[in-house]
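Below is the file work26.txt, which contains compact mmCIF, C-alpha atoms.
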# COMPACT_ATOMS: atom_id res chain seq x y z
CA MET D 1 26.65 50.04 -91.75
CA SER D 2 27.00 53.81 -92.01
CA PHE D 3 27.57 55.99 -88.95
CA SER D 4 24.02 57.29 -89.35
CA SER D 5 22.65 53.74 -89.28
CA ASP D 6 24.75 52.97 -86.21
CA VAL D 7 23.19 55.93 -84.40
CA LYS D 8 19.67 54.83 -85.34
CA LYS D 9 20.40 51.27 -84.29
CA GLU D 10 21.48 52.59 -80.89
CA LEU D 11 18.39 54.82 -80.63
CA LEU D 12 16.23 51.80 -81.40
CA GLY D 13 17.13 50.52 -77.95
CA GLN D 14 16.19 53.80 -76.26
CA VAL D 15 12.53 53.16 -75.45
CA PRO D 16 11.00 55.68 -73.00
CA ARG D 17 9.39 54.26 -69.87
CA SER D 18 6.93 57.10 -69.40
CA ARG D 19 3.93 57.28 -71.70
CA HIS D 20 4.26 61.03 -72.30
CA CYS D 21 7.73 60.46 -73.76
CA GLN D 22 6.48 57.51 -75.80
CA LEU D 23 3.83 59.80 -77.28
CA ALA D 24 6.41 62.50 -78.01
CA GLU D 25 8.70 60.11 -79.85
CA LEU D 26 5.79 58.63 -81.78
CA ALA D 27 4.68 62.14 -82.71
CA GLY D 28 8.16 62.76 -84.14
CA ILE D 29 8.13 59.57 -86.22
CA ILE D 30 4.57 60.04 -87.49
CA ASN D 31 5.09 63.73 -88.25
CA MET D 32 8.01 62.83 -90.52
CA ASP D 33 7.03 59.46 -92.01
CA GLY D 34 3.33 59.07 -91.29
CA ALA D 35 0.38 59.66 -93.62
CA ILE D 36 -3.38 59.22 -93.68
CA ASP D 37 -4.34 56.80 -96.42
CA LYS D 38 -6.80 58.51 -98.79
CA ASP D 39 -8.77 55.35 -99.45
CA THR D 40 -9.08 53.96 -95.91
CA GLY D 41 -8.65 57.10 -93.82
CA CYS D 42 -6.23 55.15 -91.61
CA LEU D 43 -2.77 56.03 -90.38
CA VAL D 44 0.13 54.38 -92.26
CA LEU D 45 3.89 54.60 -91.93
CA GLU D 46 5.57 55.31 -95.25
CA SER D 47 9.14 54.54 -94.16
CA GLU D 48 11.08 51.67 -95.71
CA ASN D 49 13.77 51.79 -93.02
CA GLU D 50 13.53 48.63 -90.92
CA LEU D 51 14.91 50.40 -87.84
CA VAL D 52 12.24 53.12 -88.04
CA ILE D 53 9.47 50.59 -88.66
CA HIS D 54 10.57 48.49 -85.69
CA LYS D 55 10.76 51.52 -83.37
CA TYR D 56 7.33 52.67 -84.54
CA GLU D 57 5.81 49.26 -83.85
CA VAL D 58 7.43 49.02 -80.38
CA LEU D 59 6.16 52.46 -79.38
CA MET D 60 2.66 51.82 -80.73
CA LYS D 61 2.51 48.59 -78.76
CA LYS D 62 3.64 50.25 -75.53
CA ALA D 63 1.63 53.46 -75.82
CA PHE D 64 -1.59 52.16 -77.39
CA SER D 65 -1.44 48.34 -77.18
CA VAL D 66 -1.77 48.32 -80.96
CA ASP D 67 -0.09 45.90 -83.37
CA ALA D 68 1.20 48.41 -85.92
CA GLY D 69 2.57 45.58 -88.03
CA SER D 70 -1.01 45.11 -89.24
CA PRO D 71 -3.23 47.77 -90.88
CA LEU D 72 -4.78 50.16 -88.36
CA THR D 73 -8.50 50.75 -88.14
CA GLN D 74 -10.15 54.14 -88.39
CA GLY D 75 -10.97 53.87 -84.70
CA ASP D 76 -7.32 53.24 -83.78
CA THR D 77 -6.20 56.06 -86.07
CA LYS D 78 -8.60 58.54 -84.46
CA ARG D 79 -7.55 57.49 -80.95
CA ILE D 80 -3.83 57.70 -81.76
CA MET D 81 -3.97 61.03 -83.59
CA SER D 82 -6.07 62.49 -80.79
CA ALA D 83 -3.58 61.36 -78.13
CA LEU D 84 -0.68 62.74 -80.17
CA LYS D 85 -2.66 65.96 -80.80
CA LEU D 86 -2.00 65.70 -84.54
CA GLU D 87 -4.51 66.73 -87.17
CA LYS D 88 -2.30 65.29 -89.90
CA PRO D 89 1.41 64.48 -90.30
CA GLY D 90 3.92 66.91 -91.77
CA TYR D 91 3.53 69.93 -89.51
CA ALA D 92 4.79 71.18 -86.14
CA ALA D 93 3.90 69.10 -83.09
CA ASP D 94 1.43 70.45 -80.53
CA GLY D 95 3.21 72.28 -77.72
CA LEU D 96 1.43 70.17 -75.12
CA ILE D 97 3.34 67.11 -76.39
CA LEU D 98 6.65 68.94 -75.85
CA MET D 99 6.13 70.58 -72.48
CA GLN D 100 8.79 68.61 -70.61
CA THR D 101 12.51 68.46 -71.43
CA CYS D 102 12.43 64.65 -71.56
CA CYS D 103 9.63 64.83 -74.14
CA LYS D 104 11.66 67.21 -76.31
CA ARG D 105 14.53 64.71 -76.22
CA ALA D 106 12.14 61.92 -77.20
CA TYR D 107 10.63 64.00 -80.02
CA LEU D 108 14.09 64.69 -81.44
CA ARG D 109 14.82 60.96 -81.33
CA GLY D 110 11.64 60.34 -83.28
CA VAL D 111 12.22 62.95 -85.99
CA PHE D 112 15.86 61.88 -86.37
CA MET D 113 14.94 58.19 -86.61
CA ALA D 114 12.44 59.00 -89.35
CA ALA D 115 14.10 61.81 -91.32
CA GLY D 116 17.59 62.40 -89.98
CA SER D 117 21.13 61.51 -90.99
CA ILE D 118 24.70 62.08 -89.84
CA SER D 119 27.68 61.95 -92.19
CA ASN D 120 30.71 59.78 -91.48
CA PRO D 121 32.72 61.92 -89.01
CA GLN D 122 35.94 60.56 -90.51
CA LYS D 123 35.10 62.61 -93.62
CA SER D 124 33.05 65.58 -92.39
CA TYR D 125 30.73 66.82 -89.66
CA HIS D 126 27.15 67.13 -90.88
CA PHE D 127 23.86 66.40 -89.11
CA GLU D 128 20.50 67.03 -90.75
CA ILE D 129 16.78 66.42 -90.44
CA VAL D 130 14.70 66.79 -93.62
CA CYS D 131 11.30 68.39 -92.91
CA LYS D 132 8.12 68.58 -94.96
CA SER D 133 7.14 72.10 -93.86
CA SER D 134 8.75 75.30 -92.63
CA SER D 135 6.76 75.18 -89.38
CA GLN D 136 8.09 71.69 -88.71
CA ALA D 137 11.68 72.79 -89.40
CA GLU D 138 11.39 75.93 -87.27
CA GLN D 139 10.04 73.93 -84.33
CA ILE D 140 12.91 71.43 -84.52
CA GLN D 141 15.40 74.30 -84.82
CA GLU D 142 13.89 75.92 -81.72
CA ILE D 143 14.11 72.65 -79.76
CA LEU D 144 17.75 72.14 -80.76
CA LYS D 145 18.63 75.71 -79.86
CA GLY D 146 17.00 75.13 -76.49
CA PHE D 147 19.74 72.54 -75.93
CA ASP D 148 22.43 75.10 -76.90
CA THR D 149 23.09 73.81 -80.41
CA ASP D 150 23.48 76.23 -83.30
CA ALA D 151 20.91 74.70 -85.65
CA LYS D 152 20.25 76.33 -89.02
CA ILE D 153 17.63 75.84 -91.75
CA VAL D 154 18.11 75.70 -95.51
CA GLY D 155 15.61 75.07 -98.29
CA ARG D 156 16.19 72.02 -100.49
CA LYS D 157 13.74 71.63 -103.36
CA SER D 158 10.31 71.23 -101.71
CA HIS D 159 11.75 70.45 -98.26
CA TYR D 160 13.32 72.32 -95.36
CA VAL D 161 16.51 70.95 -93.83
CA VAL D 162 17.54 71.60 -90.22
CA TYR D 163 21.28 71.05 -89.98
CA LEU D 164 24.36 71.23 -87.75
CA LYS D 165 27.90 71.57 -89.12
CA GLU D 166 30.08 71.80 -86.00
CA GLY D 167 31.36 68.58 -84.45
CA SER D 168 30.73 69.91 -80.94
CA ASN D 169 27.09 70.68 -81.80
CA ILE D 170 26.56 67.19 -83.20
CA VAL D 171 28.07 65.71 -80.03
CA ASP D 172 25.62 67.78 -77.98
CA CYS D 173 22.73 66.60 -80.15
CA LEU D 174 23.70 62.95 -79.72
CA ASN D 175 23.77 63.57 -75.99
CA VAL D 176 20.28 65.10 -76.14
CA MET D 177 18.97 62.06 -78.01
CA GLU D 178 20.79 59.77 -75.54
CA ALA D 179 22.94 58.07 -78.19
CA TYR D 180 25.87 57.79 -75.79
CA VAL D 181 27.87 55.08 -77.58
CA SER D 182 27.73 57.00 -80.87
CA LEU D 183 28.66 60.14 -78.96
CA MET D 184 31.84 58.48 -77.64
CA ASN D 185 32.70 57.15 -81.10
CA LEU D 186 32.31 60.62 -82.57
CA GLU D 187 34.38 62.16 -79.76
CA ASN D 188 37.18 59.66 -80.42
CA VAL D 189 37.22 60.67 -84.08
CA ARG D 190 37.24 64.35 -83.11
CA ILE D 191 40.16 63.86 -80.72
CA LEU D 192 42.21 62.00 -83.33
CA LYS D 193 41.41 64.66 -85.93
CA GLU D 194 42.38 67.48 -83.59
CA MET D 195 45.64 65.72 -82.67
CA ARG D 196 46.43 65.15 -86.34
CA ASN D 197 45.63 68.78 -87.18
CA SER D 198 47.73 69.98 -84.25
CA VAL D 199 50.71 67.90 -85.40
CA ASN D 200 50.28 69.16 -88.98
CA ARG D 201 50.16 72.77 -87.78
CA LYS D 202 53.34 72.28 -85.74
CA VAL D 203 55.09 70.57 -88.65
CA ASN D 204 54.01 73.32 -91.04
CA CYS D 205 55.13 75.98 -88.58
CA GLU D 206 58.47 74.25 -88.06
CA THR D 207 58.91 73.85 -91.81
CA ALA D 208 58.17 77.54 -92.33
CA ASN D 209 60.68 78.50 -89.64
CA ILE D 210 63.35 76.26 -91.17
CA LYS D 211 62.67 77.74 -94.60
CA LYS D 212 62.89 81.25 -93.17
CA THR D 213 66.19 80.42 -91.41
CA VAL D 214 67.66 78.82 -94.53
CA ASN D 215 66.64 81.75 -96.74
CA ALA D 216 68.15 84.21 -94.27
CA ALA D 217 71.40 82.20 -94.09
CA VAL D 218 71.63 82.05 -97.91
CA LYS D 219 71.21 85.84 -98.11
CA GLN D 220 73.84 86.36 -95.39
CA ILE D 221 76.32 84.13 -97.22
CA GLU D 222 75.65 85.95 -100.49
CA ASP D 223 76.35 89.29 -98.76
CA ILE D 224 79.56 88.00 -97.20
CA GLU D 225 80.79 86.52 -100.49
CA LEU D 226 80.06 89.83 -102.23
CA ILE D 227 82.14 91.71 -99.65
CA ARG D 228 84.92 89.12 -99.97
CA ASP D 229 85.00 89.38 -103.76
CA LYS D 230 84.70 93.19 -103.91
CA THR D 231 86.92 94.45 -101.10
CA GLY D 232 88.10 91.41 -99.15
CA LEU D 233 87.09 90.35 -95.67
CA GLU D 234 90.46 91.45 -94.24
CA LYS D 235 89.39 95.09 -94.38
CA LEU D 236 86.42 94.45 -92.06
CA PRO D 237 86.56 95.22 -88.32
CA ASP D 238 87.69 92.18 -86.33
CA VAL D 239 84.19 91.56 -84.94
CA LEU D 240 82.59 91.53 -88.40
CA LYS D 241 85.47 89.57 -89.90
CA GLU D 242 84.97 86.84 -87.30
CA THR D 243 81.20 86.87 -87.91
CA ALA D 244 81.71 86.53 -91.67
CA ARG D 245 84.22 83.67 -91.21
CA LEU D 246 81.91 81.72 -88.88
CA ARG D 247 78.87 82.17 -91.11
CA LEU D 248 80.80 80.83 -94.11
CA GLU D 249 82.12 77.95 -92.01
CA TYR D 250 78.70 77.06 -90.55
CA PRO D 251 76.16 77.95 -93.28
CA GLU D 252 73.33 75.87 -91.77
CA ALA D 253 73.68 77.07 -88.16
CA THR D 254 70.91 79.08 -86.52
CA LEU D 255 71.77 82.45 -84.99
CA LYS D 256 71.82 80.88 -81.55
CA GLU D 257 74.10 78.06 -82.70
CA LEU D 258 76.35 80.50 -84.54
CA GLY D 259 76.70 82.60 -81.41
CA GLY D 260 78.05 79.56 -79.55
CA TYR D 261 81.04 79.36 -81.91
CA PHE D 262 82.33 82.79 -80.85
CA ASP D 263 84.93 83.09 -78.10
CA PRO D 264 83.48 84.29 -75.85
CA PRO D 265 79.98 83.21 -77.01
CA VAL D 266 77.63 85.86 -78.37
CA GLY D 267 73.86 86.00 -77.90
CA LYS D 268 71.36 85.59 -80.73
CA SER D 269 70.59 89.33 -80.90
CA GLY D 270 74.32 90.16 -80.98
CA VAL D 271 74.93 87.80 -83.91
CA ASN D 272 71.90 89.19 -85.73
CA HIS D 273 73.16 92.77 -85.20
CA ARG D 274 76.56 91.91 -86.70
CA LEU D 275 75.04 90.13 -89.70
CA LYS D 276 72.84 93.16 -90.36
CA LYS D 277 75.96 95.34 -90.44
CA LEU D 278 77.50 92.97 -93.00
CA SER D 279 74.29 93.14 -95.04
CA ALA D 280 74.39 96.96 -94.99
CA ILE D 281 77.99 96.93 -96.23
CA ALA D 282 77.02 94.52 -99.03
CA GLU D 283 74.12 96.77 -100.07
CA GLU D 284 76.51 99.72 -100.42
CA LEU D 285 78.74 97.63 -102.68
CA ARG D 286 75.91 96.52 -104.97
Step by step, read the file and then write its structure as structure tokens.
Amino acid sequence: MSFSSDVKKELLGQVPRSRHCQLAELAGIINMDGAIDKDTGCLVLESENELVIHKYEVLMKKAFSVDAGSPLTQGDTKRIMSALKLEKPGYAADGLILMQTCCKRAYLRGVFMAAGSISNPQKSYHFEIVCKSSSQAEQIQEILKGFDTDAKIVGRKSHYVVYLKEGSNIVDCLNVMEAYVSLMNLENVRILKEMRNSVNRKVNCETANIKKTVNAAVKQIEDIELIRDKTGLEKLPDVLKETARLRLEYPEATLKELGGYFDPPVGKSGVNHRLKKLSAIAEELR
């Protein structure tokens, strides 16, 4: 199964004990996937996702003692829609349904079960809920922001998509919905990714430093060979003559390593100063 399906399978087992939270989660599912049949005037669930259907039926049974696996009556529909304070699906939920923090969590579970998805974190970080109206999207965005997640909205054809792109925000959202196993799985992926990125950065940095050192050494050797061929190294002051000899003898040594070959040893800055003098002499000869 996909990571998104794994999350929904976990959320399937999160059934609220309190009726007000059951109503909030049902409101989320019905708002996203519910509809009033034009012929019968009864509430129907349009989802084909077995996980969503099962969660819907469980909640309907607990909250209203209704078997939602069978067609609802007009009387049941009226009673359910009244309790959920919904005129019709597809719009923002009534604020009375979302007064408590636990109910907001439950509502987010419902809307995600019905219309949400999360990409495979191994590939990218992307969480989204596809809404039927702007008022619906704005309400979900507001709820998510109330839990300190940076939710954004984008239009997609005739729909409005509430989305999160940061891994940390998606982790927070999973925590809000109480998908704790999925949260830990995502965190493990994030940790491995961050470790891999950290190692790559260090390797790239080390590679750049080595390249810089090698390029500098090549230039220093070119300068010394120019001086040798033009005027001879014997004419150099003893300090520079020794520096030139050691650089030619140890072309791959760092400045610190090169300094250790002097007697007495010379610090990195001292070696660098002498090599700069050799470079200046070479520039005058060019």
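With all atoms listed in the file as the basis for measurement, D:Lys88 is the residue among D:Lys104, D:Lys88, D:Arg245, D:Arg190 that approaches Leu43 (chain D) most closely.
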Mind checking which residues fall within 9 Å of Val111 (chain D), counting all atoms listed in the file, ignoring those fewer than 6 positions away in the same chain, and posting them as number ranges by chain? D: 25-33, 129-131, 140
Show which residues sit within 12 Å of Glu50 (chain D), as a VMD selection string. Count all atoms listed in the file, and ignore same-chain residues fewer than 3 positions away. chain D and resid 5 8 to 9 12 45 to 47 53 to 57 69 113 to 114
Limited to C-alpha atoms, could you put the picked residues into a file as an mmCIF file, in the frame of the given file?
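That gives us part_21.cif:
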data_model
loop_
_atom_site.group_PDB
_atom_site.id
_atom_site.type_symbol
_atom_site.label_atom_id
_atom_site.label_comp_id
_atom_site.auth_asym_id
_atom_site.auth_seq_id
_atom_site.Cartn_x
_atom_site.Cartn_y
_atom_site.Cartn_z
ATOM 1 C CA SER D 5 22.650 53.740 -89.280
ATOM 2 C CA LYS D 8 19.670 54.830 -85.340
ATOM 3 C CA LYS D 9 20.400 51.270 -84.290
ATOM 4 C CA LEU D 12 16.230 51.800 -81.400
ATOM 5 C CA LEU D 45 3.890 54.600 -91.930
ATOM 6 C CA GLU D 46 5.570 55.310 -95.250
ATOM 7 C CA SER D 47 9.140 54.540 -94.160
ATOM 8 C CA ILE D 53 9.470 50.590 -88.660
ATOM 9 C CA HIS D 54 10.570 48.490 -85.690
ATOM 10 C CA LYS D 55 10.760 51.520 -83.370
ATOM 11 C CA TYR D 56 7.330 52.670 -84.540
ATOM 12 C CA GLU D 57 5.810 49.260 -83.850
ATOM 13 C CA GLY D 69 2.570 45.580 -88.030
ATOM 14 C CA MET D 113 14.940 58.190 -86.610
ATOM 15 C CA ALA D 114 12.440 59.000 -89.350
#
For Leu72 (chain D), find every residue with an atom within 8 Å (counting all atoms listed in the file), except residues of its own chain fewer than 2 positions away, and show them as an NGL selection string. :D and (42-44 or 68 or 70 or 74 or 76-77)
Would you export the selected residues with C-alpha atoms as an mmCIF file, in the frame of the given file, please?
data_model
loop_
_atom_site.group_PDB
_atom_site.id
_atom_site.type_symbol
_atom_site.label_atom_id
_atom_site.label_comp_id
_atom_site.auth_asym_id
_atom_site.auth_seq_id
_atom_site.Cartn_x
_atom_site.Cartn_y
_atom_site.Cartn_z
ATOM 1 C CA CYS D 42 -6.230 55.150 -91.610
ATOM 2 C CA LEU D 43 -2.770 56.030 -90.380
ATOM 3 C CA VAL D 44 0.130 54.380 -92.260
ATOM 4 C CA ALA D 68 1.200 48.410 -85.920
ATOM 5 C CA SER D 70 -1.010 45.110 -89.240
ATOM 6 C CA GLN D 74 -10.150 54.140 -88.390
ATOM 7 C CA ASP D 76 -7.320 53.240 -83.780
ATOM 8 C CA THR D 77 -6.200 56.060 -86.070
#
Give me the residues near region 13-22 of chain D as a list in words, where near means some atom within 7 Å (using all atoms listed in the file) and where sequence neighbours in that chain fewer than 2 positions away do not count. Glu10, Leu11, Ala24, Glu25, Leu26, Leu59, Ala63, Cys102, Cys103 and Ala106 of chain D
Write out all heavy atoms for region 24-35 of chain D, as a PDB file, in the coordinates of the input.
ATOM      1  N   ALA D  24       5.585  61.477 -77.358  1.00  0.00           N
ATOM      2  CA  ALA D  24       6.410  62.500 -78.010  1.00  0.00           C
ATOM      3  C   ALA D  24       7.265  61.897 -79.118  1.00  0.00           C
ATOM      4  O   ALA D  24       7.369  62.451 -80.222  1.00  0.00           O
ATOM      5  CB  ALA D  24       7.296  63.199 -76.973  1.00  0.00           C
ATOM      6  N   GLU D  25       7.870  60.734 -78.834  1.00  0.00           N
ATOM      7  CA  GLU D  25       8.700  60.110 -79.850  1.00  0.00           C
ATOM      8  C   GLU D  25       7.857  59.606 -81.018  1.00  0.00           C
ATOM      9  O   GLU D  25       8.254  59.738 -82.183  1.00  0.00           O
ATOM     10  CB  GLU D  25       9.513  58.965 -79.247  1.00  0.00           C
ATOM     11  CG  GLU D  25      10.567  58.427 -80.190  1.00  0.00           C
ATOM     12  CD  GLU D  25      11.650  57.615 -79.499  1.00  0.00           C
ATOM     13  OE1 GLU D  25      11.683  57.581 -78.245  1.00  0.00           O
ATOM     14  OE2 GLU D  25      12.466  57.009 -80.221  1.00  0.00           O
ATOM     15  N   LEU D  26       6.702  59.058 -80.720  1.00  0.00           N
ATOM     16  CA  LEU D  26       5.790  58.630 -81.780  1.00  0.00           C
ATOM     17  C   LEU D  26       5.352  59.812 -82.645  1.00  0.00           C
ATOM     18  O   LEU D  26       5.258  59.712 -83.872  1.00  0.00           O
ATOM     19  CB  LEU D  26       4.548  57.965 -81.172  1.00  0.00           C
ATOM     20  CG  LEU D  26       4.515  56.442 -81.120  1.00  0.00           C
ATOM     21  CD1 LEU D  26       3.253  55.969 -80.432  1.00  0.00           C
ATOM     22  CD2 LEU D  26       4.618  55.842 -82.527  1.00  0.00           C
ATOM     23  N   ALA D  27       5.077  60.931 -81.978  1.00  0.00           N
ATOM     24  CA  ALA D  27       4.680  62.140 -82.710  1.00  0.00           C
ATOM     25  C   ALA D  27       5.773  62.553 -83.693  1.00  0.00           C
ATOM     26  O   ALA D  27       5.497  62.973 -84.820  1.00  0.00           O
ATOM     27  CB  ALA D  27       4.390  63.276 -81.735  1.00  0.00           C
ATOM     28  N   GLY D  28       7.049  62.426 -83.257  1.00  0.00           N
ATOM     29  CA  GLY D  28       8.160  62.760 -84.140  1.00  0.00           C
ATOM     30  C   GLY D  28       8.228  61.843 -85.346  1.00  0.00           C
ATOM     31  O   GLY D  28       8.388  62.304 -86.485  1.00  0.00           O
ATOM     32  N   ILE D  29       8.070  60.537 -85.115  1.00  0.00           N
ATOM     33  CA  ILE D  29       8.130  59.570 -86.220  1.00  0.00           C
ATOM     34  C   ILE D  29       6.970  59.776 -87.192  1.00  0.00           C
ATOM     35  O   ILE D  29       7.150  59.835 -88.411  1.00  0.00           O
ATOM     36  CB  ILE D  29       8.129  58.130 -85.678  1.00  0.00           C
ATOM     37  CG1 ILE D  29       9.433  57.848 -84.913  1.00  0.00           C
ATOM     38  CG2 ILE D  29       7.960  57.120 -86.820  1.00  0.00           C
ATOM     39  CD1 ILE D  29       9.455  56.511 -84.205  1.00  0.00           C
ATOM     40  N   ILE D  30       5.763  59.903 -86.641  1.00  0.00           N
ATOM     41  CA  ILE D  30       4.570  60.040 -87.490  1.00  0.00           C
ATOM     42  C   ILE D  30       4.565  61.370 -88.229  1.00  0.00           C
ATOM     43  O   ILE D  30       4.160  61.452 -89.398  1.00  0.00           O
ATOM     44  CB  ILE D  30       3.295  59.869 -86.639  1.00  0.00           C
ATOM     45  CG1 ILE D  30       3.199  58.418 -86.154  1.00  0.00           C
ATOM     46  CG2 ILE D  30       2.044  60.244 -87.430  1.00  0.00           C
ATOM     47  CD1 ILE D  30       2.101  58.171 -85.136  1.00  0.00           C
ATOM     48  N   ASN D  31       5.019  62.420 -87.581  1.00  0.00           N
ATOM     49  CA  ASN D  31       5.090  63.730 -88.250  1.00  0.00           C
ATOM     50  C   ASN D  31       5.978  63.674 -89.480  1.00  0.00           C
ATOM     51  O   ASN D  31       5.734  64.371 -90.468  1.00  0.00           O
ATOM     52  CB  ASN D  31       5.627  64.789 -87.274  1.00  0.00           C
ATOM     53  CG  ASN D  31       4.577  65.815 -86.924  1.00  0.00           C
ATOM     54  OD1 ASN D  31       3.603  65.975 -87.641  1.00  0.00           O
ATOM     55  ND2 ASN D  31       4.764  66.516 -85.828  1.00  0.00           N
ATOM     56  N   MET D  32       7.049  62.886 -89.420  1.00  0.00           N
ATOM     57  CA  MET D  32       8.010  62.830 -90.520  1.00  0.00           C
ATOM     58  C   MET D  32       7.647  61.758 -91.560  1.00  0.00           C
ATOM     59  O   MET D  32       7.781  61.982 -92.761  1.00  0.00           O
ATOM     60  CB  MET D  32       9.408  62.518 -89.958  1.00  0.00           C
ATOM     61  CG  MET D  32       9.968  63.603 -89.076  1.00  0.00           C
ATOM     62  SD  MET D  32      10.136  65.139 -90.025  1.00  0.00           S
ATOM     63  CE  MET D  32      10.677  66.264 -88.764  1.00  0.00           C
ATOM     64  N   ASP D  33       7.223  60.580 -91.095  1.00  0.00           N
ATOM     65  CA  ASP D  33       7.030  59.460 -92.010  1.00  0.00           C
ATOM     66  C   ASP D  33       5.600  58.919 -92.051  1.00  0.00           C
ATOM     67  O   ASP D  33       5.326  57.922 -92.734  1.00  0.00           O
ATOM     68  CB  ASP D  33       7.972  58.298 -91.633  1.00  0.00           C
ATOM     69  CG  ASP D  33       9.313  58.413 -92.341  1.00  0.00           C
ATOM     70  OD1 ASP D  33       9.426  59.226 -93.274  1.00  0.00           O
ATOM     71  OD2 ASP D  33      10.253  57.692 -91.956  1.00  0.00           O
ATOM     72  N   GLY D  34       4.708  59.543 -91.313  1.00  0.00           N
ATOM     73  CA  GLY D  34       3.330  59.070 -91.290  1.00  0.00           C
ATOM     74  C   GLY D  34       2.468  59.734 -92.362  1.00  0.00           C
ATOM     75  O   GLY D  34       2.817  60.771 -92.912  1.00  0.00           O
ATOM     76  N   ALA D  35       1.334  59.103 -92.644  1.00  0.00           N
ATOM     77  CA  ALA D  35       0.380  59.660 -93.620  1.00  0.00           C
ATOM     78  C   ALA D  35      -0.991  59.040 -93.356  1.00  0.00           C
ATOM     79  O   ALA D  35      -1.098  57.961 -92.765  1.00  0.00           O
ATOM     80  CB  ALA D  35       0.829  59.376 -95.039  1.00  0.00           C
TER      81      ALA D  35
END
